[in-house]
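Structure file data-v2.cif (mmCIF, C-alpha atoms) follows.
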data_target
loop_
_atom_site.group_PDB
_atom_site.id
_atom_site.type_symbol
_atom_site.label_atom_id
_atom_site.label_comp_id
_atom_site.auth_asym_id
_atom_site.auth_seq_id
_atom_site.Cartn_x
_atom_site.Cartn_y
_atom_site.Cartn_z
ATOM 1 C CA MET U 66 0.000 0.000 0.000
ATOM 2 C CA ASP U 67 1.386 3.418 -0.850
ATOM 3 C CA PHE U 68 2.018 6.240 1.588
ATOM 4 C CA LEU U 69 -0.848 8.510 0.506
ATOM 5 C CA LYS U 70 -3.431 5.717 0.834
ATOM 6 C CA THR U 71 -2.127 4.840 4.287
ATOM 7 C CA PHE U 72 -2.128 8.513 5.252
ATOM 8 C CA GLU U 73 -5.742 8.894 4.060
ATOM 9 C CA GLN U 74 -6.794 5.886 6.140
ATOM 10 C CA VAL U 75 -5.211 7.364 9.267
ATOM 11 C CA VAL U 76 -6.858 10.744 8.598
ATOM 12 C CA ASN U 77 -10.253 9.040 8.234
ATOM 13 C CA GLN U 78 -9.839 6.844 11.308
ATOM 14 C CA GLN U 79 -8.132 9.300 13.675
ATOM 15 C CA PRO U 80 -8.517 12.858 12.348
ATOM 16 C CA GLU U 81 -7.935 14.571 15.712
ATOM 17 C CA LYS U 82 -4.892 12.507 16.692
ATOM 18 C CA ILE U 83 -1.604 14.439 16.780
ATOM 19 C CA ALA U 84 0.373 13.858 13.577
ATOM 20 C CA PHE U 85 3.262 16.190 14.380
ATOM 21 C CA ILE U 86 4.846 17.463 17.565
ATOM 22 C CA HIS U 87 8.069 19.411 17.996
ATOM 23 C CA ARG U 88 8.564 21.398 21.150
ATOM 24 C CA GLU U 89 5.277 23.359 21.529
ATOM 25 C CA GLU U 90 4.262 22.993 17.873
ATOM 26 C CA THR U 91 1.597 20.356 17.110
ATOM 27 C CA MET U 92 -0.748 19.485 14.266
ATOM 28 C CA THR U 93 -3.567 16.954 13.900
ATOM 29 C CA TYR U 94 -3.927 14.553 10.991
ATOM 30 C CA ARG U 95 -7.002 16.491 9.819
ATOM 31 C CA ALA U 96 -5.090 19.781 9.757
ATOM 32 C CA LEU U 97 -2.129 18.152 8.000
ATOM 33 C CA ASP U 98 -4.471 16.668 5.412
ATOM 34 C CA LEU U 99 -6.320 19.927 4.711
ATOM 35 C CA LEU U 100 -3.222 22.144 4.680
ATOM 36 C CA SER U 101 -1.422 19.741 2.343
ATOM 37 C CA ASP U 102 -4.507 19.634 0.088
ATOM 38 C CA ASP U 103 -4.522 23.428 -0.256
ATOM 39 C CA LEU U 104 -0.806 23.622 -0.969
ATOM 40 C CA GLY U 105 -1.067 20.638 -3.334
ATOM 41 C CA GLN U 106 -3.809 22.438 -5.268
ATOM 42 C CA LYS U 107 -1.500 25.437 -5.728
ATOM 43 C CA LEU U 108 1.158 23.086 -7.166
ATOM 44 C CA LEU U 109 -1.152 21.031 -9.356
ATOM 45 C CA HIS U 110 0.023 22.278 -12.737
ATOM 46 C CA SER U 111 3.725 22.259 -11.919
ATOM 47 C CA LYS U 112 5.924 19.794 -13.746
ATOM 48 C CA LYS U 113 8.950 20.258 -11.472
ATOM 49 C CA PRO U 114 9.585 19.012 -7.931
ATOM 50 C CA LEU U 115 8.760 21.328 -5.047
ATOM 51 C CA ILE U 116 11.681 22.575 -3.009
ATOM 52 C CA VAL U 117 10.686 22.473 0.662
ATOM 53 C CA TYR U 118 12.953 24.850 2.588
ATOM 54 C CA GLY U 119 13.074 25.095 6.375
ATOM 55 C CA HIS U 120 13.897 23.209 9.557
ATOM 56 C CA MET U 121 11.931 20.855 11.840
ATOM 57 C CA SER U 122 8.580 22.580 11.361
ATOM 58 C CA LYS U 123 5.112 21.193 10.789
ATOM 59 C CA TRP U 124 5.209 23.191 7.566
ATOM 60 C CA MET U 125 8.025 21.026 6.208
ATOM 61 C CA LEU U 126 5.731 18.012 6.548
ATOM 62 C CA VAL U 127 2.854 19.935 4.925
ATOM 63 C CA GLY U 128 5.088 20.744 1.943
ATOM 64 C CA MET U 129 6.328 17.190 1.543
ATOM 65 C CA ILE U 130 2.856 15.639 1.633
ATOM 66 C CA ALA U 131 1.404 18.384 -0.596
ATOM 67 C CA SER U 132 3.979 17.666 -3.299
ATOM 68 C CA LEU U 133 3.160 13.952 -3.199
ATOM 69 C CA LYS U 134 -0.557 14.731 -3.472
ATOM 70 C CA ALA U 135 0.128 17.036 -6.431
ATOM 71 C CA GLY U 136 2.148 14.281 -8.108
ATOM 72 C CA ILE U 137 5.400 16.231 -8.387
ATOM 73 C CA GLY U 138 7.617 15.044 -5.529
ATOM 74 C CA TYR U 139 9.867 17.241 -3.434
ATOM 75 C CA VAL U 140 13.419 18.202 -2.577
ATOM 76 C CA PRO U 141 13.982 19.022 1.107
ATOM 77 C CA ILE U 142 16.558 21.707 1.915
ATOM 78 C CA ASP U 143 17.473 22.472 5.504
ATOM 79 C CA VAL U 144 18.300 26.040 6.558
ATOM 80 C CA SER U 145 21.668 24.841 7.884
ATOM 81 C CA ILE U 146 22.984 24.174 4.375
ATOM 82 C CA PRO U 147 25.419 26.851 3.069
ATOM 83 C CA SER U 148 23.806 29.308 0.640
ATOM 84 C CA GLU U 149 26.163 28.355 -2.228
ATOM 85 C CA ARG U 150 25.007 24.748 -1.936
ATOM 86 C CA ILE U 151 21.341 25.819 -1.808
ATOM 87 C CA ASP U 152 21.887 27.856 -4.985
ATOM 88 C CA LYS U 153 23.431 24.827 -6.739
ATOM 89 C CA ILE U 154 20.522 22.580 -5.732
ATOM 90 C CA ILE U 155 17.971 25.154 -6.904
ATOM 91 C CA ASP U 156 19.892 25.566 -10.179
ATOM 92 C CA THR U 157 19.894 21.785 -10.676
ATOM 93 C CA ILE U 158 16.188 21.326 -9.926
ATOM 94 C CA GLN U 159 14.942 24.498 -11.656
ATOM 95 C CA PRO U 160 11.734 24.416 -9.579
ATOM 96 C CA GLU U 161 8.592 26.332 -10.460
ATOM 97 C CA PHE U 162 7.886 26.849 -6.742
ATOM 98 C CA ILE U 163 9.692 26.871 -3.427
ATOM 99 C CA PHE U 164 7.735 26.300 -0.241
ATOM 100 C CA ALA U 165 9.754 28.432 2.157
ATOM 101 C CA THR U 166 8.868 27.729 5.770
ATOM 102 C CA GLU U 167 11.577 30.216 6.743
ATOM 103 C CA GLU U 168 12.845 33.307 4.950
ATOM 104 C CA LEU U 169 14.758 32.605 1.741
ATOM 105 C CA ALA U 170 15.973 35.138 -0.820
ATOM 106 C CA THR U 171 15.301 33.696 -4.282
ATOM 107 C CA PRO U 172 13.907 34.818 -7.643
ATOM 108 C CA ILE U 173 11.812 31.604 -7.797
ATOM 109 C CA GLN U 174 8.110 31.933 -6.969
ATOM 110 C CA THR U 175 7.873 31.312 -3.234
ATOM 111 C CA ILE U 176 4.883 30.019 -1.298
ATOM 112 C CA THR U 177 4.929 30.559 2.457
ATOM 113 C CA PRO U 178 2.825 29.078 5.274
ATOM 114 C CA SER U 179 0.720 32.258 5.337
ATOM 115 C CA ASP U 180 -0.433 31.393 1.784
ATOM 116 C CA VAL U 181 -1.831 28.013 2.878
ATOM 117 C CA LYS U 182 -5.295 27.422 4.371
ATOM 118 C CA GLU U 183 -7.201 24.350 5.537
ATOM 119 C CA GLU U 184 -9.108 23.385 2.377
ATOM 120 C CA TYR U 185 -10.165 20.071 0.865
ATOM 121 C CA TYR U 186 -9.237 19.148 -2.717
ATOM 122 C CA ASN U 187 -9.215 15.831 -4.523
ATOM 123 C CA LEU U 188 -5.660 15.589 -5.853
ATOM 124 C CA PRO U 189 -4.164 12.982 -8.212
ATOM 125 C CA GLY U 190 -1.122 11.884 -6.183
ATOM 126 C CA LEU U 191 1.942 10.148 -7.528
ATOM 127 C CA LYS U 192 1.755 7.367 -10.080
ATOM 128 C CA ALA U 193 3.778 4.184 -9.734
ATOM 129 C CA ASP U 194 7.474 4.850 -10.308
ATOM 130 C CA ASP U 195 7.154 8.662 -10.124
ATOM 131 C CA VAL U 196 9.944 10.364 -8.195
ATOM 132 C CA ALA U 197 8.660 10.894 -4.651
ATOM 133 C CA TYR U 198 11.641 12.886 -3.451
ATOM 134 C CA THR U 199 15.245 13.728 -4.166
ATOM 135 C CA ILE U 200 17.905 14.011 -1.493
ATOM 136 C CA PHE U 201 21.117 15.822 -2.322
ATOM 137 C CA THR U 202 24.378 14.332 -1.059
ATOM 138 C CA SER U 203 27.690 16.146 -0.808
ATOM 139 C CA GLY U 204 29.010 14.282 -3.826
ATOM 140 C CA SER U 205 32.608 13.135 -4.193
ATOM 141 C CA THR U 206 33.436 16.213 -6.286
ATOM 142 C CA GLY U 207 31.962 18.640 -3.752
ATOM 143 C CA MET U 208 29.054 19.349 -6.098
ATOM 144 C CA PRO U 209 25.621 18.407 -4.758
ATOM 145 C CA LYS U 210 24.399 15.168 -6.304
ATOM 146 C CA GLY U 211 20.695 14.246 -6.285
ATOM 147 C CA VAL U 212 19.572 10.747 -5.300
ATOM 148 C CA THR U 213 15.978 10.055 -6.281
ATOM 149 C CA ILE U 214 13.532 7.853 -4.388
ATOM 150 C CA LEU U 215 10.644 6.460 -6.412
ATOM 151 C CA SER U 216 7.060 5.965 -5.263
ATOM 152 C CA GLU U 217 5.697 2.446 -5.053
#
Any chance you could put this one into structure tokens?
Amino acid sequence: MDFLKTFEQVVNQQPEKIAFIHREETMTYRALDLLSDDLGQKLLHSKKPLIVYGHMSKWMLVGMIASLKAGIGYVPIDVSIPSERIDKIIDTIQPEFIFATEELATPIQTITPSDVKEEYYNLPGLKADDVAYTIFTSGSTGMPKGVTILSE
């Protein structure tokens, strides 16, 4: 069973259960589902992966799930990464959107948490063998190298 189907089952069975907790920040499965639906709807016509930029926030999870729901996959970038490396990753991916959970200076169209509401949409999700996400390693040459993980 794929992740999105399992996630949907949990949302339906336990919508008010806590899905995310970090320090004082929490979010229920229902909120995660609705927020990721709204963001996913904004990404629906994109053909490029979503860059999800931030650090240990519920919004990072919203961005990751939204990209899967929109069928485009994601590339997580932590704020601790040096700016030159971030620039190289962005240049490699050439994203249409960046979901910036923290401030990021970029010419790419940025969506922030304040742009996302709790809304329901029926989204297509990933197809078998679509790229779910790409993680960038340091690479033996010092250049970031993307490793892709496929959906089921």
Expansion of the PyMOL selection byres ((chain U and resi 153) around 12) into residues, as JSON, numbers by chain: {"U": [142, 146, 147, 148, 149, 150, 151, 152, 154, 155, 156, 157, 158, 159, 201, 202, 203, 207, 208, 209, 210, 211]}
Evaluate the PyMOL selection byres ((chain U and resi 85) around 12) and report residues as a VMD selection string: chain U and resid 81 to 84 86 to 98 121 to 127
Best match for closeness to Glu167 in chain U among U:Ala197, U:Lys192, U:His120, U:Gly128, counting all atoms listed in the file: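 When distances to Glu167 in chain U are compared using all atoms listed in the file, the smallest one comes from U:His120.
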Which of U:Gln106, U:Gln78, U:Ser216, U:Ser145 sits closest to Asp195 in chain U [using only C-alpha atoms]: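 Once distances to Asp195 in chain U are computed over only C-alpha atoms, the minimum belongs to U:Ser216.
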Gap from CA of Ile214 in chain U to CA of Ile200 in chain U - Å, one decimal: 8.1 Å
Residue contacts of Thr175 in chain U (9 Å, all atoms listed in the file) excluding same-chain residues fewer than 4 positions away, as a count of residues only: 7
Enclosing box along x, y and z for every listed atom of range 83-93 of chain U, padded 8 Å each side, centre and size in Å, one decimal, as lines of an AutoDock Vina configuration file:
center_x = 2.5
center_y = 18.6
center_z = 17.6
size_x = 28.1
size_y = 25.5
size_z = 24.0
The PyMOL selection byres ((chain U and resi 109) around 9) applied to the shown file, residues as a ChimeraX atom specification: /U:104-108,110-112,132,134-137,188-189
Please identify all polymer residues within 9 Å of Pro141 in chain U, counting all atoms listed in the file, omitting same-chain residues fewer than 2 positions from it, and present them as a PDB file with C-alpha atoms, in the coordinates of the input.
ATOM      1  CA  LEU U 115       8.760  21.328  -5.047  1.00  0.00           C
ATOM      2  CA  ILE U 116      11.681  22.575  -3.009  1.00  0.00           C
ATOM      3  CA  VAL U 117      10.686  22.473   0.662  1.00  0.00           C
ATOM      4  CA  TYR U 118      12.953  24.850   2.588  1.00  0.00           C
ATOM      5  CA  GLY U 119      13.074  25.095   6.375  1.00  0.00           C
ATOM      6  CA  MET U 125       8.025  21.026   6.208  1.00  0.00           C
ATOM      7  CA  MET U 129       6.328  17.190   1.543  1.00  0.00           C
ATOM      8  CA  TYR U 139       9.867  17.241  -3.434  1.00  0.00           C
ATOM      9  CA  ASP U 143      17.473  22.472   5.504  1.00  0.00           C
ATOM     10  CA  TYR U 198      11.641  12.886  -3.451  1.00  0.00           C
ATOM     11  CA  THR U 199      15.245  13.728  -4.166  1.00  0.00           C
ATOM     12  CA  ILE U 200      17.905  14.011  -1.493  1.00  0.00           C
ATOM     13  CA  PHE U 201      21.117  15.822  -2.322  1.00  0.00           C
TER      14      PHE U 201
END
